[in-house]
Amino acid sequence: MQDKEKIKVIIADDHHMVLDGLEALIKVTDDIEVIGLAYNGHHAFKLLELNQLDVDIAVLDIDMPVQDGLETTRKIRAEYPNIKVLILTMHNNESYIKEIIAAGASGYILKNKGSNELVEAIRAIHSGEEYFSKAVTDTLIKSIQDGKKAKPNPQVKLTKREKEVLALIGEGMTTKEISKQLFIANTTVETHRRNLIDKLGVKNSKKLLLYVANNKESKQ
């Protein structure tokens, strides 16, 4: 594979050993290249200013001095929308996850879930997908299920079936599970999912899940 075809990434983490380990992991791949290492978000942003045409993905930790991963994500997405962001952190925290997704990150994975997931996430994001660790998605789903239910914006007009599908998405059900629960075809579920994405003004299914997490009311 020619170098020009490689996925070019920069990595930002305030722990030198972590940076060295991640760089060593990526070096053994034939399709990903680390073109910069940074020790905080400000440093990472400066690297992008120098190499923006060559960077595909910025891999960021959340907790960094000078400028944290959340602020850096917002700045990257605002200044360099073609550069995607992958969060690699120890924090499996609902508030962090919500803020990072809202800031425009394309992925959120945990450091303690195995090194192979980093490579898998980089490849998925570069191909146009989003990548969130199962534990991260489970955290969002748990926050929705924790004695609460989805409360759609009253200004958004949803059909009865769309509301049912939205509620089941909030419970973490797959298309197949929703189909079985509501006795409708998989293709019908996907149609309702697309309609919900359009009506609620979100970009994809992950943002749809985030919408449910952010729009919930206590059960009586």
# chains A, B, ... in the order shown; residues from 1 in each chain; ligands from 1

$ residues_around --residues "Tyr108 (chain A)" --least-positions-apart "2" --cutoff "6 Å" --atoms "only C-alpha atoms" --output "list in words"
Leu86, Ile87 and Phe132 of chain A

$ write_last_selection --atoms "all heavy atoms" --output "CSV table (one decimal), in the first residue's frame"
chain,number,residue,atom,x,y,z
A,86,LEU,N,-11.7,11.1,17.2
A,86,LEU,CA,-11.9,9.8,17.9
A,86,LEU,C,-11.4,10.1,19.4
A,86,LEU,O,-10.3,10.4,19.6
A,86,LEU,CB,-11.1,8.7,17.3
A,86,LEU,CG,-11.1,7.4,18.2
A,86,LEU,CD1,-12.5,6.8,18.4
A,86,LEU,CD2,-10.2,6.4,17.5
A,87,ILE,N,-12.3,9.9,20.3
A,87,ILE,CA,-12.0,10.1,21.7
A,87,ILE,C,-11.5,8.7,22.3
A,87,ILE,O,-12.2,7.7,22.1
A,87,ILE,CB,-13.2,10.6,22.5
A,87,ILE,CG1,-13.5,12.0,22.1
A,87,ILE,CG2,-12.8,10.6,24.0
A,87,ILE,CD1,-12.5,13.0,22.3
A,132,PHE,N,-18.5,3.7,18.5
A,132,PHE,CA,-18.6,3.8,19.9
A,132,PHE,C,-18.5,2.5,20.6
A,132,PHE,O,-19.2,1.5,20.2
A,132,PHE,CB,-19.9,4.5,20.3
A,132,PHE,CG,-20.0,5.9,19.8
A,132,PHE,CD1,-20.4,6.2,18.5
A,132,PHE,CD2,-19.7,7.0,20.7
A,132,PHE,CE1,-20.4,7.6,18.1
A,132,PHE,CE2,-19.7,8.3,20.2
A,132,PHE,CZ,-20.1,8.6,18.9

$ residues_around --residues "Glu23 (chain A)" --least-positions-apart "2" --cutoff "12 Å" --atoms "only C-alpha atoms" --output "VMD selection string"
chain A and resid 8 to 13 16 to 21 25 to 29 32 to 38 59 115 118 to 119

$ closest_residue --among "A:Glu130, A:Glu162, A:Glu79, A:Asp138" --to "Asn204 (chain A)" --atoms "only C-alpha atoms"
A:Glu130

$ atom_distance --atom1 "CA of Thr175 (chain A)" --atom2 "CA of Arg194 (chain A)"
11.9 Å

$ atom_distance --atom1 "CA of Leu208 (chain A)" --atom2 "CA of Ala78 (chain A)"
21.7 Å

$ closest_residue --among "A:Glu71, A:Gln181, A:Leu196, A:Ile57" --to "Ile122 (chain A)" --atoms "only C-alpha atoms"
A:Ile57

$ residues_around --residues "Lys180 (chain A)" --least-positions-apart "5" --cutoff "12 Å" --atoms "only C-alpha atoms" --output "list in words"
Val165, Leu168, Met173, Thr174, Thr175, Ala185, Asn186, Thr188 and Val189 of chain A

$ select_by_dssp --residues "region 11-135 of chain A" --states "alpha helix (DSSP H)" --output "MDAnalysis selection string"
chainID A and resid 16:27 41:51 69:79 94:103 116:126 134:135

$ residues_around --residues "region 62-65 of chain A" --least-positions-apart "4" --cutoff "10 Å" --atoms "only C-alpha atoms" --output "ChimeraX atom specification"
/A:12-15,39-42,69-73,87-91,96,100

$ write_last_selection --atoms "C-alpha atoms" --output "mmCIF file, in the first residue's frame"
data_model
loop_
_atom_site.group_PDB
_atom_site.id
_atom_site.type_symbol
_atom_site.label_atom_id
_atom_site.label_comp_id
_atom_site.auth_asym_id
_atom_site.auth_seq_id
_atom_site.Cartn_x
_atom_site.Cartn_y
_atom_site.Cartn_z
ATOM 1 C CA ALA A 12 -2.964 13.684 21.881
ATOM 2 C CA ASP A 13 -2.501 12.421 25.440
ATOM 3 C CA ASP A 14 -0.655 13.972 28.368
ATOM 4 C CA HIS A 15 0.983 10.652 29.307
ATOM 5 C CA TYR A 39 0.785 16.325 24.923
ATOM 6 C CA ASN A 40 -2.329 18.483 25.253
ATOM 7 C CA GLY A 41 -5.203 19.783 23.167
ATOM 8 C CA HIS A 42 -3.536 23.101 22.379
ATOM 9 C CA GLY A 69 -10.245 16.923 24.680
ATOM 10 C CA LEU A 70 -13.760 18.351 24.673
ATOM 11 C CA GLU A 71 -12.661 21.891 23.841
ATOM 12 C CA THR A 72 -10.206 20.565 21.286
ATOM 13 C CA THR A 73 -12.956 18.515 19.618
ATOM 14 C CA ILE A 87 -11.964 10.056 21.735
ATOM 15 C CA LEU A 88 -9.794 7.520 23.559
ATOM 16 C CA THR A 89 -10.225 7.794 27.316
ATOM 17 C CA MET A 90 -10.712 6.032 30.637
ATOM 18 C CA HIS A 91 -13.979 7.881 31.281
ATOM 19 C CA TYR A 96 -18.719 13.217 29.038
ATOM 20 C CA ILE A 100 -18.389 14.684 23.175
#
